[in-house]
Structure formats: C-alpha cells, structure tokens
>>> print(open('work_38.tsv').read())   # TSV, C-alpha atoms
chain	number	residue	atom	x	y	z
T	358	MET	CA	2.30	77.03	22.99
T	359	LYS	CA	3.21	76.56	26.64
T	360	SER	CA	6.76	76.36	27.92
T	361	LEU	CA	8.33	73.07	28.89
T	362	SER	CA	8.00	73.86	32.57
T	363	GLU	CA	4.26	74.30	32.13
T	364	LEU	CA	3.79	71.19	30.03
T	365	ALA	CA	5.78	68.39	31.58
T	366	VAL	CA	6.88	67.05	34.91
T	367	GLY	CA	10.13	65.22	35.50
T	368	ILE	CA	12.01	66.30	32.39
T	369	VAL	CA	15.76	65.77	32.37
T	370	ILE	CA	17.26	68.59	30.30
T	371	VAL	CA	20.80	67.57	29.57
T	372	GLY	CA	23.31	70.37	29.82
T	373	VAL	CA	21.14	73.29	31.00
T	374	MET	CA	19.04	74.13	34.06
T	375	ALA	CA	15.95	75.34	32.25
T	376	LEU	CA	14.71	75.51	28.69
T	377	THR	CA	11.76	77.64	27.60
T	378	ASN	CA	10.02	77.82	24.25
T	379	ALA	CA	12.02	80.96	23.48
T	380	HIS	CA	15.25	79.07	24.09
T	381	ILE	CA	14.07	76.21	21.89
T	382	SER	CA	13.07	78.55	19.07
T	383	ALA	CA	16.36	80.44	19.16
T	384	ALA	CA	18.36	77.23	19.17
T	385	GLN	CA	16.37	75.72	16.33
T	386	GLN	CA	16.88	78.71	14.07
T	387	GLN	CA	20.64	78.10	14.29
T	388	GLY	CA	20.40	74.87	12.35
T	389	ALA	CA	20.77	71.28	13.53
T	390	PRO	CA	18.99	69.49	10.70
T	391	GLY	CA	16.68	66.60	11.41
T	392	ASN	CA	16.41	63.44	9.37
T	393	LEU	CA	13.29	61.49	10.15
T	394	ALA	CA	13.61	59.29	7.09
T	395	GLY	CA	17.30	58.62	7.46
T	396	GLY	CA	18.22	61.57	5.23
T	397	GLY	CA	17.47	65.27	5.50
T	398	PRO	CA	13.95	66.67	5.14
T	399	ALA	CA	14.79	67.87	1.63
T	400	SER	CA	14.71	64.24	0.53
T	401	TRP	CA	11.14	63.63	1.71
T	402	PRO	CA	9.29	64.99	-1.32
T	403	THR	CA	10.71	62.09	-3.29
T	404	GLY	CA	8.93	59.80	-0.82
T	405	LYS	CA	12.15	58.02	0.04
T	406	ALA	CA	15.34	58.96	1.87
T	407	PRO	CA	18.86	57.70	1.16
T	408	GLU	CA	19.80	54.36	2.63
T	409	PRO	CA	22.04	54.70	5.70
T	410	PRO	CA	25.36	52.80	5.70
T	411	ALA	CA	25.47	49.19	6.81
T	412	LEU	CA	27.04	48.10	10.07
T	413	ASP	CA	29.99	45.73	10.03
T	414	THR	CA	28.72	42.80	12.11
T	415	THR	CA	31.75	40.53	11.58
T	416	PRO	CA	33.32	41.35	14.99
T	417	TYR	CA	30.27	39.83	16.71
T	418	LYS	CA	30.90	36.10	16.72
T	419	ARG	CA	27.86	34.72	18.52
T	420	LYS	CA	24.93	35.60	16.30
T	421	TRP	CA	22.10	34.28	14.19
T	422	LEU	CA	21.18	36.38	11.17
T	423	ASP	CA	18.05	36.52	9.00
T	424	LEU	CA	15.82	34.37	11.18
T	425	SER	CA	12.25	34.42	9.85
T	426	TYR	CA	9.61	35.33	12.42
T	427	ALA	CA	6.77	35.20	9.85
T	428	ASN	CA	6.42	34.17	6.22
T	429	LEU	CA	4.45	36.83	4.34
T	430	SER	CA	7.48	38.89	3.35
T	431	GLU	CA	11.26	38.74	3.02
T	432	LYS	CA	11.34	41.68	5.43
T	433	GLN	CA	9.93	39.61	8.29
T	434	LYS	CA	13.32	38.63	9.68
T	435	LEU	CA	15.42	39.40	12.72
T	436	ASP	CA	19.02	39.06	13.90
T	437	ILE	CA	20.14	37.85	17.34
T	438	TYR	CA	23.48	38.80	18.90
T	439	LEU	CA	24.83	37.34	22.15
T	440	PRO	CA	27.62	38.68	24.35
T	441	ALA	CA	31.03	37.18	23.67
T	442	GLU	CA	31.07	35.40	27.04
T	443	GLY	CA	28.56	33.61	29.22
T	444	ASN	CA	26.00	30.88	28.73
T	445	GLY	CA	22.84	32.83	29.36
T	446	PRO	CA	19.98	32.98	29.31
T	447	PHE	CA	20.62	36.65	28.57
T	448	PRO	CA	18.25	39.59	29.08
T	449	VAL	CA	16.89	40.89	25.79
T	450	VAL	CA	16.66	44.33	24.24
T	451	CYS	CA	15.11	44.53	20.77
T	452	TYR	CA	16.08	47.33	18.39
T	453	VAL	CA	13.62	48.62	15.76
T	454	HIS	CA	15.30	50.69	13.05
T	455	GLY	CA	14.19	54.05	11.72
T	456	GLY	CA	14.04	55.20	8.12
T	457	GLY	CA	10.63	56.78	7.68
T	458	TRP	CA	9.03	53.29	7.56
T	459	GLY	CA	10.52	53.00	4.07
T	460	VAL	CA	14.30	52.57	4.13
T	461	SER	CA	17.12	51.25	6.37
T	462	ASP	CA	17.66	47.79	7.76
T	463	LYS	CA	18.18	45.77	10.92
T	464	ALA	CA	21.94	45.85	10.20
T	465	SER	CA	22.29	49.59	9.54
T	466	MET	CA	24.77	51.79	11.38
T	467	GLU	CA	22.08	53.08	13.73
T	468	LEU	CA	22.31	49.73	15.53
T	469	GLU	CA	25.95	50.36	16.45
T	470	ASN	CA	25.55	51.89	19.93
T	471	THR	CA	22.85	49.44	20.97
T	472	LEU	CA	24.93	46.48	19.85
T	473	LYS	CA	28.29	47.64	21.19
T	474	GLU	CA	26.94	48.75	24.56
T	475	GLY	CA	24.59	45.79	24.89
T	476	MET	CA	27.37	43.27	24.30
T	477	LYS	CA	29.62	45.02	26.81
T	478	ARG	CA	26.90	45.01	29.47
T	479	GLY	CA	25.77	41.41	29.08
T	480	TRP	CA	22.63	41.92	27.01
T	481	ALA	CA	21.37	39.94	24.04
T	482	VAL	CA	20.48	42.35	21.24
T	483	VAL	CA	17.77	41.48	18.73
T	484	SER	CA	17.41	43.70	15.65
T	485	ILE	CA	14.09	43.54	13.81
T	486	ASN	CA	13.12	44.24	10.22
T	487	TYR	CA	9.54	45.02	9.22
T	488	ARG	CA	7.66	45.59	6.00
T	489	TYR	CA	8.30	48.94	4.34
T	490	SER	CA	5.37	51.24	3.69
T	491	SER	CA	6.01	50.71	-0.04
T	492	GLU	CA	5.14	47.03	0.45
T	493	ALA	CA	2.29	47.27	2.95
T	494	HIS	CA	0.55	50.14	4.68
T	495	PHE	CA	-0.15	50.57	8.38
T	496	PRO	CA	-0.85	48.57	10.53
T	497	ALA	CA	1.44	46.00	8.84
T	498	GLN	CA	4.55	47.47	10.50
T	499	ILE	CA	3.32	47.24	14.09
T	500	MET	CA	1.89	43.80	13.39
T	501	ASP	CA	5.34	42.69	12.23
T	502	VAL	CA	7.05	44.01	15.34
T	503	LYS	CA	4.47	42.33	17.58
T	504	ALA	CA	4.91	39.08	15.64
T	505	ALA	CA	8.67	39.29	16.18
T	506	ILE	CA	8.19	39.65	19.94
T	507	ARG	CA	5.87	36.64	20.01
T	508	TRP	CA	8.36	34.62	17.95
T	509	LEU	CA	11.12	35.45	20.43
T	510	ARG	CA	9.00	34.23	23.31
T	511	ALA	CA	8.20	31.01	21.48
T	512	ASN	CA	11.79	30.33	20.40
T	513	GLY	CA	14.04	32.28	22.74
T	514	ALA	CA	15.23	29.31	24.77
T	515	LYS	CA	16.93	27.90	21.65
T	516	TYR	CA	19.05	31.05	21.45
T	517	GLN	CA	19.91	31.47	25.15
T	518	LEU	CA	17.41	34.31	25.58
T	519	ARG	CA	15.42	35.18	28.70
T	520	THR	CA	12.15	36.43	27.28
T	521	GLU	CA	9.69	36.69	30.16
T	522	LYS	CA	10.70	40.36	30.13
T	523	ILE	CA	11.75	42.21	26.96
T	524	GLY	CA	12.91	45.79	26.44
T	525	VAL	CA	12.52	47.61	23.12
T	526	TRP	CA	14.47	50.54	21.70
T	527	GLY	CA	13.83	52.46	18.49
T	528	SER	CA	14.73	55.73	16.83
T	529	SER	CA	12.63	57.93	14.53
T	530	SER	CA	10.05	55.73	12.81
T	531	GLY	CA	11.41	52.88	14.91
T	532	GLY	CA	10.74	55.07	17.96
T	533	HIS	CA	7.14	55.44	16.80
T	534	LEU	CA	6.80	51.67	16.46
T	535	VAL	CA	8.24	50.85	19.89
T	536	ALA	CA	6.07	53.54	21.49
T	537	LEU	CA	3.02	52.04	19.79
T	538	LEU	CA	4.14	48.56	20.81
T	539	GLY	CA	4.36	49.72	24.41
T	540	THR	CA	0.92	51.29	24.64
T	541	SER	CA	-1.07	48.84	22.50
T	542	GLY	CA	-0.46	45.59	24.36
T	543	GLY	CA	-3.49	43.37	23.87
T	544	VAL	CA	-5.10	45.59	21.20
T	545	GLU	CA	-6.36	42.85	18.89
T	546	LYS	CA	-6.64	44.87	15.68
T	547	LEU	CA	-2.90	45.65	15.84
T	548	GLU	CA	-1.69	42.18	16.84
T	549	GLY	CA	-1.59	40.36	13.51
T	550	LEU	CA	-2.04	37.00	15.19
T	551	ASN	CA	-2.21	35.33	11.76
T	552	LEU	CA	1.54	35.97	11.52
T	553	GLY	CA	2.21	33.23	14.04
T	554	ASN	CA	2.70	32.23	17.69
T	555	ALA	CA	-0.73	33.54	18.61
T	556	LYS	CA	-0.56	32.04	22.10
T	557	GLU	CA	2.47	34.13	23.05
T	558	SER	CA	2.33	37.68	24.40
T	559	SER	CA	3.60	40.68	22.45
T	560	ARG	CA	3.72	42.89	25.54
T	561	VAL	CA	7.04	44.46	26.45
T	562	GLN	CA	8.33	45.61	29.81
T	563	ALA	CA	10.34	48.74	28.93
T	564	VAL	CA	10.32	51.18	25.99
T	565	ILE	CA	13.08	53.53	24.79
T	566	ASP	CA	11.72	55.93	22.18
T	567	VAL	CA	14.25	58.25	20.52
T	568	SER	CA	12.72	61.04	18.41
T	569	GLY	CA	9.68	59.00	17.46
T	570	PRO	CA	6.66	60.70	15.82
T	571	ILE	CA	3.57	60.38	18.02
T	572	ASP	CA	0.64	62.46	16.76
T	573	PHE	CA	1.03	62.80	12.99
T	574	LEU	CA	-1.66	65.45	12.70
T	575	LYS	CA	0.10	67.87	15.06
T	576	MET	CA	3.62	67.56	13.70
T	577	ASP	CA	3.58	70.48	11.26
T	578	SER	CA	1.80	72.94	13.55
T	579	GLU	CA	4.15	72.13	16.43
T	580	LEU	CA	7.23	72.72	14.28
T	581	GLU	CA	5.80	76.03	13.12
T	582	GLN	CA	5.04	77.07	16.69
T	583	ASP	CA	8.57	76.05	17.67
T	584	GLY	CA	9.83	78.65	15.20
T	585	PHE	CA	10.87	76.49	12.27
T	586	THR	CA	10.22	77.90	8.82
T	587	ASN	CA	12.17	75.49	6.60
T	588	PHE	CA	11.03	71.92	7.07
T	589	ALA	CA	9.39	69.21	4.98
T	590	LYS	CA	5.67	69.16	5.70
T	591	HIS	CA	4.47	65.94	7.27
T	592	ALA	CA	1.03	66.54	5.78
T	593	ASP	CA	2.56	66.34	2.29
T	594	ALA	CA	0.99	63.50	0.32
T	595	ARG	CA	4.53	62.27	-0.47
T	596	GLY	CA	5.78	62.45	3.11
T	597	PRO	CA	6.70	59.38	5.17
T	598	GLU	CA	3.61	59.50	7.40
T	599	SER	CA	1.29	59.68	4.40
T	600	ASN	CA	3.21	56.86	2.73
T	601	LEU	CA	2.77	54.81	5.90
T	602	LEU	CA	-0.99	55.31	5.99
T	603	GLY	CA	-1.42	55.02	2.23
T	604	LYS	CA	-3.19	58.40	1.97
T	605	PRO	CA	-2.44	62.02	2.92
T	606	ILE	CA	-2.65	62.03	6.70
T	607	GLU	CA	-5.11	64.91	6.90
T	608	SER	CA	-7.56	63.01	4.68
T	609	VAL	CA	-7.66	60.01	7.07
T	610	PRO	CA	-7.75	61.44	10.61
T	611	GLU	CA	-9.23	58.26	12.10
T	612	LEU	CA	-6.43	56.16	10.63
T	613	ALA	CA	-3.88	58.68	11.93
T	614	LYS	CA	-5.47	58.25	15.35
T	615	GLU	CA	-5.08	54.48	15.09
T	616	ALA	CA	-1.36	54.99	14.40
T	617	ASN	CA	-0.98	57.34	17.39
T	618	PRO	CA	0.53	55.63	20.47
T	619	GLU	CA	-1.44	58.03	22.71
T	620	THR	CA	-4.69	56.41	21.55
T	621	TYR	CA	-4.02	53.21	23.48
T	622	ILE	CA	-2.49	54.47	26.75
T	623	ARG	CA	-3.78	52.53	29.75
T	624	GLY	CA	-2.63	51.94	33.29
T	625	ASP	CA	-0.86	48.70	32.34
T	626	ALA	CA	1.53	50.34	29.87
T	627	PRO	CA	5.23	49.65	30.56
T	628	PRO	CA	7.77	52.26	31.74
T	629	PHE	CA	9.00	54.67	29.06
T	630	LEU	CA	12.28	56.49	28.46
T	631	LEU	CA	11.80	59.24	25.86
T	632	GLU	CA	14.83	61.01	24.33
T	633	TYR	CA	14.34	63.95	21.96
T	634	GLY	CA	16.43	66.83	20.60
T	635	ALA	CA	15.35	70.45	21.09
T	636	LYS	CA	16.80	71.38	17.68
T	637	ASP	CA	14.94	68.63	15.85
T	638	ASN	CA	13.21	70.14	12.82
T	639	SER	CA	11.62	66.82	11.87
T	640	VAL	CA	9.83	65.81	15.09
T	641	SER	CA	9.06	68.57	17.56
T	642	VAL	CA	10.10	67.99	21.15
T	643	HIS	CA	6.49	68.81	22.03
T	644	GLN	CA	5.47	65.46	20.57
T	645	ALA	CA	7.39	63.88	23.44
T	646	ILE	CA	6.25	66.33	26.11
T	647	LEU	CA	2.54	65.82	25.49
T	648	PHE	CA	3.01	62.06	25.17
T	649	ALA	CA	4.93	61.99	28.46
T	650	GLN	CA	2.16	63.92	30.19
T	651	LYS	CA	-0.45	61.43	29.11
T	652	LEU	CA	1.73	58.48	30.08
T	653	GLU	CA	2.39	59.98	33.52
T	654	ALA	CA	-1.33	60.41	34.10
T	655	ALA	CA	-1.89	56.72	33.35
T	656	ILE	CA	1.12	54.90	34.80
T	657	GLY	CA	2.71	57.37	37.19
T	658	LYS	CA	5.49	59.91	37.06
T	659	ASP	CA	8.11	57.48	38.34
T	660	LYS	CA	7.70	55.27	35.24
T	661	VAL	CA	8.11	58.01	32.64
T	662	ASN	CA	11.47	59.61	31.93
T	663	LEU	CA	11.79	62.39	29.36
T	664	VAL	CA	15.29	63.50	28.33
T	665	ILE	CA	15.69	66.60	26.17
T	666	PHE	CA	19.03	67.35	24.50
T	667	PRO	CA	19.12	71.15	24.05
T	668	GLU	CA	21.72	70.96	21.26
T	669	GLY	CA	20.33	67.79	19.71
T	670	GLY	CA	18.69	67.41	16.36
T	671	HIS	CA	16.83	64.34	15.18
T	672	GLY	CA	18.05	61.32	17.11
T	673	GLY	CA	19.48	63.52	19.86
T	674	GLY	CA	22.82	64.31	18.25
T	675	ASP	CA	26.17	63.61	19.86
T	676	ALA	CA	24.74	63.77	23.39
T	677	ALA	CA	22.71	60.65	22.71
T	678	SER	CA	25.89	58.59	22.21
T	679	THR	CA	27.80	59.67	25.32
T	680	ASP	CA	28.74	57.31	28.12
T	681	GLU	CA	26.39	59.27	30.36
T	682	ASN	CA	23.44	58.56	28.11
T	683	MET	CA	24.36	54.92	27.53
T	684	ASN	CA	24.51	54.51	31.30
T	685	ARG	CA	21.09	56.15	31.57
T	686	ILE	CA	19.57	53.83	28.98
T	687	PHE	CA	21.01	50.61	30.36
T	688	SER	CA	20.22	51.59	33.94
T	689	PHE	CA	16.62	51.97	32.79
T	690	LEU	CA	16.73	48.55	31.13
T	691	ASP	CA	18.42	46.99	34.16
T	692	ARG	CA	15.66	48.30	36.40
T	693	TYR	CA	12.72	47.02	34.42
T	694	VAL	CA	13.98	44.09	32.34
T	695	ARG	CA	17.07	42.50	33.84
>>> encode(input="work_38.tsv", output="structure tokens")
Amino acid sequence: MKSLSELAVGIVIVGVMALTNAHISAAQQQGAPGNLAGGGPASWPTGKAPEPPALDTTPYKRKWLDLSYANLSEKQKLDIYLPAEGNGPFPVVCYVHGGGWGVSDKASMELENTLKEGMKRGWAVVSINYRYSSEAHFPAQIMDVKAAIRWLRANGAKYQLRTEKIGVWGSSSGGHLVALLGTSGGVEKLEGLNLGNAKESSRVQAVIDVSGPIDFLKMDSELEQDGFTNFAKHADARGPESNLLGKPIESVPELAKEANPETYIRGDAPPFLLEYGAKDNSVSVHQAILFAQKLEAAIGKDKVNLVIFPEGGHGGGDAASTDENMNRIFSFLDRYVR
C-alpha cells in the first residue's frame, strides 16, 4: 500500500510533519482501540454494541424534541436546538449519530461537542434519528436522513431555521451516512420520496465525516495492510456492515457498491471535511485517503479537507475535541453554510 504522501494531496496531519505507512503501522500496534459500533470491536460478533450514555439536554432551553419527519417508524424523529440568544433565522448543522447503524440515539453523548460548540457560535443544531439495521436494511437509513433534510426545508421557518444551506456532521456509521448524503444528491433510488416533502431538496452544502466507513469491501484488507492483526472482521456475517445490508457484504458486492459514497461522486458534490485517526483499528485511514482523492478529482482540491490525527483512534480521540479542531470545523461550516 502506498504512503500517505503518495496517495493524497492536501492532508492536514495534526501534530507531526509527515506520516508514512510505517509510522501508521507502528502507532497502531501500540493500541488505541476503535469502536465503530459504539463499543469495542470485540462486541461486534454479537451483532450489537453497548448503548452509549445519554446526553443531559436540560441545560438547553430553546429546543423541540421528538419531531416526526416521517411516519413509518418511531425512529423517524429529530431534535432541534437553538442558541440561548437571538431571534434567527439561524444557520443549521445537522448531526447524524454513529452506532454501527444499530444502536445509539440522537440524544447520546456523542452529540455533546456539536451541541455545546454550535450553541456558543450561534448555530442551530438538529440531531437526527434513523431506522436501525435491525428494523430495516439499507437503503432505509439514507432515505431517512434525506427525508429529515427535506422536512427541515419544508418546516424550518416555524423553528427559526435558515435552511437554504444546510451542513451535516456525523461520526462512524453517521459519518458514512453524511458522506453518502453529500455525494448522492438527486439519486432517486436513495431519496425515499414516499417519506414526505417530495418537492423539497435533500442536498446539503457541507459535509463533516468523522471516521466513516466508505468502501465496505476494502475495510478488512486495508486494516491488515496497515499492520493490524486483532480486529473484528467487517466481512463477518454478524458485523455491522453485513447487518446493514442484510447479507454478508462479500456475498452482495453490488449492494455494497450502492452503499459506497464513492459510487455517486460528481462535480456538484458539496465541500467535505474528513477527520480520521491513524490508530483506528475499526476504519482504516486509507478509507478517507482514497475517498478524498476521488472527491478532489471531481470537485477540486480546495473543497476537500482531510485531517489525520496521528494518535487518534476511532472518532479521532482527544484531538478531535480540542478548541483547535472545533475552530477548524466551524470555520469550515461558516465558509460554506453561514
């Protein structure tokens, strides 16, 4: 496998000047567990990871919780939070939670940084639930997220939202969904227009993907080539990707391709900020590098930002929560959405 310098252009490597495959492999062998499904890889063979803790939302006074954006499932709900001051309309960033497409919630602790920083910086934060893979297989999840975006455009004025431009942010499986949302604008078979507000657009104007799986069929081989020897196999019939598709991923390559955000990249895709950890033993950093290359070829280098945390595991680790990184994320949103 090629080094980072050979594979990608415009990478921001936080904390070091250069990072080769050898550096990645050595760092990964030291530990830094990943947790694609919200728990460690050891939990994947059960098909379900532990539920992450819930976020205390009581300090946020201006909010609407459990708003239904469609009516096929109890999961098709979203929460809206407004800054403590101001009359709006406010710019919107939507958060899509992780959890291996099978656990977690729109009010889990992973929302904390998005909500706290968004409120402080004058953003409305919308947190979206979607159907678990145990309830409905792909493409139900991306259809739900697209339906939520359309609902916001149809109803946003009631909630002091400015929705002509919308940014989206997701981690892990949520990162996969926002990446797919960004590249598949206008792809009819993924829209789910029967879920409502068919005249509204589901296109978004900025995407923040943190540790999201991209190409399911390459995940295991990339981790092996990175030097990992102890990780839960994504090709396992009980793994989260197979649960999402409803069959072992290697038995349905065409369906895996349909779930791959790279499949739909065109020149009208929105700007992307990709943040991945070099020590992630759940989703190889090479998933992001190859995705970034293909995005750059389609929409231009200036619209694709790839940040690699050399000490970061799944979700980027502590470096992802620093003031420096929050400033990076909201500067990106300010540029393309505000």
>>> residues_around(input="work_38.tsv", residues="range 510-513 of chain T", least_positions_apart="3", cutoff="12 Å", atoms="all atoms listed in the file", output="VMD selection string")
chain T and resid 421 424 to 426 437 439 445 to 449 481 483 503 to 507 516 to 523 553 to 561
>>> closest_residue(input="work_38.tsv", among="T:Phe666, T:Phe629, T:Phe573, T:Trp480", to="Val642 in chain T", atoms="all atoms listed in the file")
T:Phe666
>>> closest_residue(input="work_38.tsv", among="T:Lys658, T:His494, T:Lys614, T:His591", to="Leu537 in chain T", atoms="only C-alpha atoms")
T:Lys614
>>> atom_distance(input="work_38.tsv", atom1="CA of Val564 in chain T", atom2="CA of Pro627 in chain T")
7.0 Å
>>> residues_around(input="work_38.tsv", residues="Lys473 in chain T", least_positions_apart="5", cutoff="10 Å", atoms="all atoms listed in the file", output="MDAnalysis selection string")
chainID T and resid 417 440 468 478 480 482
>>> decode(input="work_38.tsv", residues="range 406-420 of chain T", atoms="N, CA and C atoms", output="JSON list (two decimals), in the first residue's frame")
[["chain", "number", "residue", "atom", "x", "y", "z"],
["T", 406, "ALA", "N", -23.52, -3.45, 19.61],
["T", 406, "ALA", "CA", -22.60, -2.88, 20.58],
["T", 406, "ALA", "C", -23.38, -2.29, 21.76],
["T", 407, "PRO", "N", -22.70, -2.02, 22.86],
["T", 407, "PRO", "CA", -23.38, -1.39, 24.00],
["T", 407, "PRO", "C", -23.90, -0.01, 23.65],
["T", 408, "GLU", "N", -25.00, 0.34, 24.26],
["T", 408, "GLU", "CA", -25.55, 1.68, 24.06],
["T", 408, "GLU", "C", -24.65, 2.72, 24.74],
["T", 409, "PRO", "N", -24.31, 3.81, 24.04],
["T", 409, "PRO", "CA", -23.54, 4.87, 24.68],
["T", 409, "PRO", "C", -24.42, 5.64, 25.66],
["T", 410, "PRO", "N", -23.82, 6.36, 26.61],
["T", 410, "PRO", "CA", -24.62, 7.12, 27.58],
["T", 410, "PRO", "C", -25.40, 8.25, 26.93],
["T", 411, "ALA", "N", -26.49, 8.61, 27.57],
["T", 411, "ALA", "CA", -27.33, 9.69, 27.06],
["T", 411, "ALA", "C", -26.78, 11.05, 27.49],
["T", 412, "LEU", "N", -27.03, 12.04, 26.67],
["T", 412, "LEU", "CA", -26.63, 13.41, 26.95],
["T", 412, "LEU", "C", -27.70, 14.10, 27.79],
["T", 413, "ASP", "N", -27.29, 14.88, 28.75],
["T", 413, "ASP", "CA", -28.22, 15.69, 29.53],
["T", 413, "ASP", "C", -28.56, 16.94, 28.72],
["T", 414, "THR", "N", -29.76, 17.01, 28.20],
["T", 414, "THR", "CA", -30.17, 18.14, 27.36],
["T", 414, "THR", "C", -30.91, 19.23, 28.13],
["T", 415, "THR", "N", -31.08, 19.05, 29.45],
["T", 415, "THR", "CA", -31.86, 20.03, 30.22],
["T", 415, "THR", "C", -31.25, 21.44, 30.22],
["T", 416, "PRO", "N", -29.92, 21.60, 30.13],
["T", 416, "PRO", "CA", -29.40, 22.98, 30.11],
["T", 416, "PRO", "C", -29.79, 23.77, 28.85],
["T", 417, "TYR", "N", -30.24, 23.09, 27.82],
["T", 417, "TYR", "CA", -30.58, 23.76, 26.56],
["T", 417, "TYR", "C", -32.07, 24.07, 26.57],
["T", 418, "LYS", "N", -32.38, 25.34, 26.74],
["T", 418, "LYS", "CA", -33.77, 25.74, 27.00],
["T", 418, "LYS", "C", -34.61, 25.88, 25.74],
["T", 419, "ARG", "N", -34.01, 26.33, 24.66],
["T", 419, "ARG", "CA", -34.79, 26.53, 23.43],
["T", 419, "ARG", "C", -34.61, 25.30, 22.54],
["T", 420, "LYS", "N", -35.61, 24.44, 22.58],
["T", 420, "LYS", "CA", -35.48, 23.17, 21.85],
["T", 420, "LYS", "C", -36.86, 22.59, 21.56]]
